[in-house]
file final-v7.tsv (TSV, C-alpha atoms)
chain	number	residue	atom	x	y	z
A	794	MET	CA	18.04	-47.71	-3.90
A	795	GLN	CA	15.43	-50.41	-4.05
A	796	SER	CA	16.41	-54.04	-4.47
A	797	ILE	CA	14.75	-56.67	-6.61
A	798	THR	CA	15.01	-60.26	-5.47
A	799	GLU	CA	13.92	-63.20	-7.56
A	800	SER	CA	15.07	-66.81	-7.78
A	801	GLY	CA	17.61	-66.32	-4.99
A	802	ILE	CA	19.29	-63.40	-6.78
A	803	THR	CA	19.16	-59.78	-5.59
A	804	LEU	CA	19.77	-56.86	-7.92
A	805	THR	CA	20.53	-53.49	-6.32
A	806	PHE	CA	21.00	-50.89	-9.03
A	807	PRO	CA	22.74	-47.56	-8.28
A	808	ASP	CA	19.67	-45.63	-9.52
A	809	ASN	CA	16.00	-46.06	-10.38
A	810	ASN	CA	16.48	-46.50	-14.14
A	811	TYR	CA	14.87	-49.94	-14.16
A	812	PHE	CA	11.51	-51.57	-14.68
A	813	ARG	CA	9.92	-54.97	-15.03
A	814	PHE	CA	7.89	-56.01	-18.05
A	815	GLU	CA	5.65	-58.05	-15.74
A	816	THR	CA	4.29	-54.82	-14.25
A	817	CYS	CA	4.01	-53.01	-17.60
A	818	GLN	CA	0.47	-52.82	-18.94
A	819	GLY	CA	1.81	-52.56	-22.48
A	820	TYR	CA	3.45	-55.96	-22.03
A	821	LYS	CA	0.46	-57.45	-20.21
A	822	ASN	CA	-1.79	-56.60	-23.16
A	823	ILE	CA	0.34	-58.68	-25.58
A	824	GLN	CA	1.69	-61.43	-23.33
A	825	ASP	CA	-0.45	-64.33	-24.56
A	826	ASN	CA	2.26	-65.86	-26.75
A	827	PHE	CA	4.99	-63.49	-25.70
A	828	LYS	CA	7.70	-63.92	-23.08
A	829	GLU	CA	9.61	-61.36	-21.05
A	830	MET	CA	12.83	-61.16	-19.16
A	831	ASP	CA	12.66	-60.18	-15.50
A	832	VAL	CA	14.33	-56.77	-15.24
A	833	CYS	CA	15.50	-54.02	-17.57
A	834	TRP	CA	18.06	-51.52	-16.27
A	835	TYR	CA	19.53	-48.62	-18.16
A	836	ASP	CA	23.07	-47.60	-17.22
A	837	ALA	CA	22.89	-43.95	-18.30
A	838	VAL	CA	26.58	-43.32	-17.60
A	839	ASN	CA	27.67	-45.93	-20.15
A	840	ASN	CA	24.55	-45.82	-22.37
A	841	VAL	CA	23.92	-49.55	-21.85
A	842	LEU	CA	20.54	-51.25	-21.54
A	843	TYR	CA	20.73	-54.47	-19.55
A	844	ILE	CA	17.90	-56.94	-20.16
A	845	ILE	CA	18.17	-59.48	-17.37
A	846	GLU	CA	16.65	-62.89	-16.64
A	847	LEU	CA	16.93	-64.42	-13.17
A	848	LYS	CA	16.58	-68.17	-12.61
A	849	GLN	CA	17.24	-70.70	-9.88
A	850	TRP	CA	18.09	-74.06	-11.43
A	851	ASP	CA	19.41	-77.37	-10.32
A	852	ASN	CA	20.45	-80.27	-12.52
A	853	VAL	CA	19.34	-82.99	-10.11
A	854	LEU	CA	16.02	-84.81	-10.47
A	855	LEU	CA	14.11	-86.50	-7.66
A	856	GLU	CA	13.78	-89.49	-9.99
A	857	GLU	CA	17.53	-90.04	-9.67
A	858	GLN	CA	16.92	-91.32	-6.14
A	859	ASP	CA	14.31	-93.82	-7.40
A	860	THR	CA	15.88	-97.08	-8.53
A	861	ASN	CA	12.82	-97.77	-10.71
A	862	PHE	CA	14.06	-95.15	-13.17
A	863	ALA	CA	16.63	-96.35	-15.68
A	864	VAL	CA	19.76	-94.28	-16.23
A	865	GLU	CA	18.74	-93.80	-19.87
A	866	LYS	CA	15.33	-92.45	-18.81
A	867	ILE	CA	16.98	-89.99	-16.38
A	868	LYS	CA	19.31	-88.81	-19.15
A	869	GLU	CA	16.35	-88.40	-21.53
A	870	MET	CA	14.46	-86.39	-18.91
A	871	LYS	CA	17.48	-84.17	-18.20
A	872	ASP	CA	18.10	-83.60	-21.90
A	873	GLY	CA	14.46	-82.56	-22.32
A	874	ILE	CA	14.67	-80.14	-19.38
A	875	THR	CA	17.89	-78.64	-20.74
A	876	LYS	CA	16.41	-78.20	-24.22
A	877	HIS	CA	13.32	-76.53	-22.70
A	878	ARG	CA	15.48	-74.18	-20.60
A	879	ILE	CA	17.52	-73.11	-23.62
A	880	GLN	CA	14.35	-72.49	-25.66
A	881	GLU	CA	12.82	-70.45	-22.81
A	882	LEU	CA	15.92	-68.27	-22.47
A	883	PHE	CA	16.02	-67.80	-26.23
A	884	LYS	CA	12.31	-66.90	-26.49
A	885	LYS	CA	12.47	-64.51	-23.54
A	886	SER	CA	15.55	-62.82	-25.00
A	887	LEU	CA	14.12	-62.46	-28.48
A	888	ASP	CA	10.74	-61.16	-27.30
A	889	SER	CA	12.26	-58.69	-24.83
A	890	VAL	CA	14.73	-57.33	-27.38
A	891	SER	CA	11.89	-57.07	-29.91
A	892	MET	CA	9.94	-54.84	-27.55
A	893	PHE	CA	12.89	-52.45	-27.33
A	894	VAL	CA	13.51	-52.56	-31.07
A	895	SER	CA	9.88	-51.52	-31.58
A	896	VAL	CA	10.58	-48.57	-29.26
A	897	LEU	CA	13.67	-47.61	-31.25
A	898	LEU	CA	11.68	-47.83	-34.48
A	899	ASN	CA	8.96	-45.69	-32.89
A	900	LYS	CA	6.19	-48.09	-33.90
A	901	PRO	CA	2.68	-47.11	-32.73
A	902	TYR	CA	2.32	-49.79	-30.05
A	903	SER	CA	5.82	-49.15	-28.68
A	904	SER	CA	4.56	-46.13	-26.73
A	905	LYS	CA	2.77	-48.58	-24.42
A	906	ILE	CA	6.11	-50.26	-23.69
A	907	SER	CA	8.23	-47.11	-23.43
A	908	ALA	CA	5.66	-45.59	-21.04
A	909	CYS	CA	6.79	-48.17	-18.45
A	910	ALA	CA	10.48	-47.32	-18.67
A	911	PRO	CA	11.84	-44.48	-16.52
A	912	PHE	CA	14.47	-43.88	-19.21
A	913	SER	CA	14.85	-43.40	-22.95
A	914	ILE	CA	17.20	-45.29	-25.21
A	915	SER	CA	18.62	-44.32	-28.58
A	916	HIS	CA	20.09	-46.07	-31.59
A	917	ASP	CA	23.50	-45.63	-29.93
A	918	THR	CA	22.45	-47.51	-26.78
A	919	LYS	CA	24.25	-50.82	-26.35
A	920	ILE	CA	21.99	-53.72	-25.39
A	921	LYS	CA	23.29	-56.49	-23.16
A	922	VAL	CA	21.15	-59.59	-22.63
A	923	ILE	CA	22.10	-61.43	-19.47
A	924	SER	CA	20.63	-64.55	-17.86
A	925	ILE	CA	21.83	-65.12	-14.31
A	926	ILE	CA	21.33	-68.59	-12.87
A	927	ASP	CA	21.50	-69.33	-9.16
A	928	THR	CA	22.78	-72.90	-9.03
A	929	ALA	CA	25.14	-75.12	-7.08
A	930	VAL	CA	28.83	-74.70	-7.87
A	931	SER	CA	28.81	-78.30	-9.08
A	932	ASN	CA	26.45	-77.24	-11.90
A	933	SER	CA	28.82	-74.67	-13.43
A	934	ASP	CA	29.64	-77.01	-16.36
A	935	TYR	CA	25.90	-77.50	-16.91
A	936	ILE	CA	25.35	-73.72	-17.07
A	937	SER	CA	28.35	-73.38	-19.37
A	938	ASN	CA	26.76	-75.95	-21.69
A	939	ILE	CA	23.45	-74.05	-21.65
A	940	HIS	CA	25.35	-70.82	-22.36
A	941	SER	CA	27.02	-72.36	-25.43
A	942	LYS	CA	23.77	-73.71	-26.86
A	943	TYR	CA	21.86	-70.50	-26.09
A	944	LYS	CA	24.57	-68.46	-27.87
A	945	THR	CA	24.20	-70.65	-30.94
A	946	HIS	CA	20.42	-70.04	-31.01
A	947	PHE	CA	20.58	-66.28	-30.35
A	948	LYS	CA	23.68	-65.46	-32.42
A	949	PRO	CA	21.91	-64.53	-35.69
A	950	TYR	CA	19.50	-62.24	-33.81
A	951	ALA	CA	22.34	-60.67	-31.87
A	952	LYS	CA	24.10	-59.97	-35.14
A	953	LEU	CA	20.92	-58.54	-36.68
A	954	PHE	CA	20.25	-56.25	-33.69
A	955	GLY	CA	23.90	-55.34	-33.01
A	956	ILE	CA	24.01	-57.03	-29.60
A	957	SER	CA	27.54	-58.04	-28.66
A	958	THR	CA	26.78	-59.31	-25.14
A	959	TYR	CA	24.28	-62.14	-24.67
A	960	ILE	CA	25.29	-64.55	-21.96
A	961	VAL	CA	24.10	-67.15	-19.51
A	962	MET	CA	26.14	-67.06	-16.32
A	963	THR	CA	26.01	-68.37	-12.78
A	964	LYS	CA	25.13	-66.11	-9.89
A	965	ALA	CA	28.74	-66.48	-8.68
A	966	GLN	CA	30.05	-65.25	-12.03
A	967	ALA	CA	27.57	-62.37	-12.08
A	968	THR	CA	28.49	-61.18	-8.60
A	969	GLN	CA	32.12	-60.97	-9.69
A	970	GLU	CA	31.22	-59.14	-12.92
A	971	PHE	CA	28.53	-56.70	-11.73
A	972	SER	CA	28.53	-54.74	-8.48
A	973	TRP	CA	24.72	-54.63	-8.51
A	974	VAL	CA	24.26	-58.43	-8.34
A	975	GLY	CA	24.13	-60.11	-4.95

call {"tool": "encode", "arguments": {"input": "final-v7.tsv", "output": "structure tokens"}}
result
Amino acid sequence: MQSITESGITLTFPDNNYFRFETCQGYKNIQDNFKEMDVCWYDAVNNVLYIIELKQWDNVLLEEQDTNFAVEKIKEMKDGITKHRIQELFKKSLDSVSMFVSVLLNKPYSSKISACAPFSISHDTKIKVISIIDTAVSNSDYISNIHSKYKTHFKPYAKLFGISTYIVMTKAQATQEFSWVG
């Protein structure tokens, strides 16, 4: 079993049913205004496709140590960063799911995406979209807030595509939930 490590998070899947869009030529050819999540793993035993994003985030700014920055300005900066992070997770999720939906619909270009996957999915395959964030324990409320706002953004798409699991969780939560996260 080969491990993938990114953003302080290591994924060690029990098999080789995974790939990364970033190494997929089909994705590379359309990536100009397209985003991708980091790893896709197919759990053949349970017929579940995991689409996974890995991030290492903190909620502390260097400007907080500088007394020249007003508290209001720090809050404005943090709010902007949070909004950007939520939008990025949303865009990555939507674009990555869209690539797999094109595969399921057997659209002409989808063969360039499915050629990268060492597995095949079907209409019965459950899709789980998971963002795992490596962050300080003190930031768990921050990640919970991002999770809530992300869910609000992605909910109509999840309903449309039949996705029941779409979450943002801390690395600590993920290691408790999934044996392949470390």

call {"tool": "closest_residue", "arguments": {"input": "final-v7.tsv", "among": "A:Phe912, A:Tyr950, A:Tyr902, A:Phe812", "to": "Phe883 (chain A)", "atoms": "all atoms listed in the file"}}
result
A:Tyr950

call {"tool": "residues_around", "arguments": {"input": "final-v7.tsv", "residues": "Asn839 (chain A)", "least_positions_apart": "3", "cutoff": "10 Å", "atoms": "only C-alpha atoms", "output": "PyMOL selection string"}}
result
chain A and resi 835-836+842+918-919

call {"tool": "axis_aligned_box", "arguments": {"input": "final-v7.tsv", "around": "region 813-827 of chain A", "padding_each_side": "8 Å", "output": "lines of an AutoDock Vina configuration file"}}
result
center_x = 4.1
center_y = -59.2
center_z = -20.5
size_x = 27.7
size_y = 29.3
size_z = 28.5

call {"tool": "residues_around", "arguments": {"input": "final-v7.tsv", "residues": "Ser913 (chain A)", "least_positions_apart": "5", "cutoff": "12 Å", "atoms": "only C-alpha atoms", "output": "CSV table (one decimal) with C-alpha atoms, in the frame of the given file"}}
result
chain,number,residue,atom,x,y,z
A,810,ASN,CA,16.5,-46.5,-14.1
A,811,TYR,CA,14.9,-49.9,-14.2
A,833,CYS,CA,15.5,-54.0,-17.6
A,834,TRP,CA,18.1,-51.5,-16.3
A,835,TYR,CA,19.5,-48.6,-18.2
A,836,ASP,CA,23.1,-47.6,-17.2
A,837,ALA,CA,22.9,-44.0,-18.3
A,840,ASN,CA,24.6,-45.8,-22.4
A,841,VAL,CA,23.9,-49.6,-21.8
A,842,LEU,CA,20.5,-51.2,-21.5
A,893,PHE,CA,12.9,-52.4,-27.3
A,896,VAL,CA,10.6,-48.6,-29.3
A,897,LEU,CA,13.7,-47.6,-31.2
A,899,ASN,CA,9.0,-45.7,-32.9
A,904,SER,CA,4.6,-46.1,-26.7
A,906,ILE,CA,6.1,-50.3,-23.7
A,907,SER,CA,8.2,-47.1,-23.4
A,908,ALA,CA,5.7,-45.6,-21.0
A,918,THR,CA,22.4,-47.5,-26.8

call {"tool": "closest_residue", "arguments": {"input": "final-v7.tsv", "among": "A:Gln966, A:Asn852, A:Thr945, A:Thr816", "to": "Thr875 (chain A)", "atoms": "all atoms listed in the file"}}
result
A:Asn852

call {"tool": "residues_around", "arguments": {"input": "final-v7.tsv", "residues": "region 824-827 of chain A", "least_positions_apart": "2", "cutoff": "8 Å", "atoms": "all atoms listed in the file", "output": "list in words"}}
result
Tyr820, Lys821, Asn822, Glu829, Lys885 and Asp888 of chain A

call {"tool": "closest_residue", "arguments": {"input": "final-v7.tsv", "among": "A:Trp973, A:Phe954, A:Phe814, A:Tyr935", "to": "Ile802 (chain A)", "atoms": "only C-alpha atoms"}}
result
A:Trp973

call {"tool": "atom_distance", "arguments": {"input": "final-v7.tsv", "atom1": "CA of Lys948 (chain A)", "atom2": "CA of Ser972 (chain A)"}}
result
26.7 Å

call {"tool": "residues_around", "arguments": {"input": "final-v7.tsv", "residues": "region 923-933 of chain A", "least_positions_apart": "6", "cutoff": "6 Å", "atoms": "only C-alpha atoms", "output": "MDAnalysis selection string"}}
result
chainID A and resid 845:851 959:964

call {"tool": "atom_distance", "arguments": {"input": "final-v7.tsv", "atom1": "CA of Pro901 (chain A)", "atom2": "CA of Gln880 (chain A)"}}
result
28.8 Å

call {"tool": "closest_residue", "arguments": {"input": "final-v7.tsv", "among": "A:Gln818, A:Ser796, A:Ser937, A:Gln858", "to": "Ser903 (chain A)", "atoms": "all atoms listed in the file"}}
result
A:Gln818

call {"tool": "closest_residue", "arguments": {"input": "final-v7.tsv", "among": "A:Asp808, A:His877, A:Ile823, A:Ser886", "to": "Lys905 (chain A)", "atoms": "all atoms listed in the file"}}
result
A:Ile823

call {"tool": "residues_around", "arguments": {"input": "final-v7.tsv", "residues": "Ala951 (chain A)", "least_positions_apart": "4", "cutoff": "10 Å", "atoms": "only C-alpha atoms", "output": "list in words"}}
result
Ser886, Leu887, Val890, Ile920, Lys921, Val922, Lys944, His946, Phe947, Gly955, Ile956, Ser957, Thr958 and Tyr959 of chain A

call {"tool": "closest_residue", "arguments": {"input": "final-v7.tsv", "among": "A:Ser891, A:Thr860, A:Gln795, A:Thr805", "to": "Gly975 (chain A)", "atoms": "all atoms listed in the file"}}
result
A:Thr805

call {"tool": "atom_distance", "arguments": {"input": "final-v7.tsv", "atom1": "CA of Leu854 (chain A)", "atom2": "CA of Lys871 (chain A)"}}
result
7.9 Å
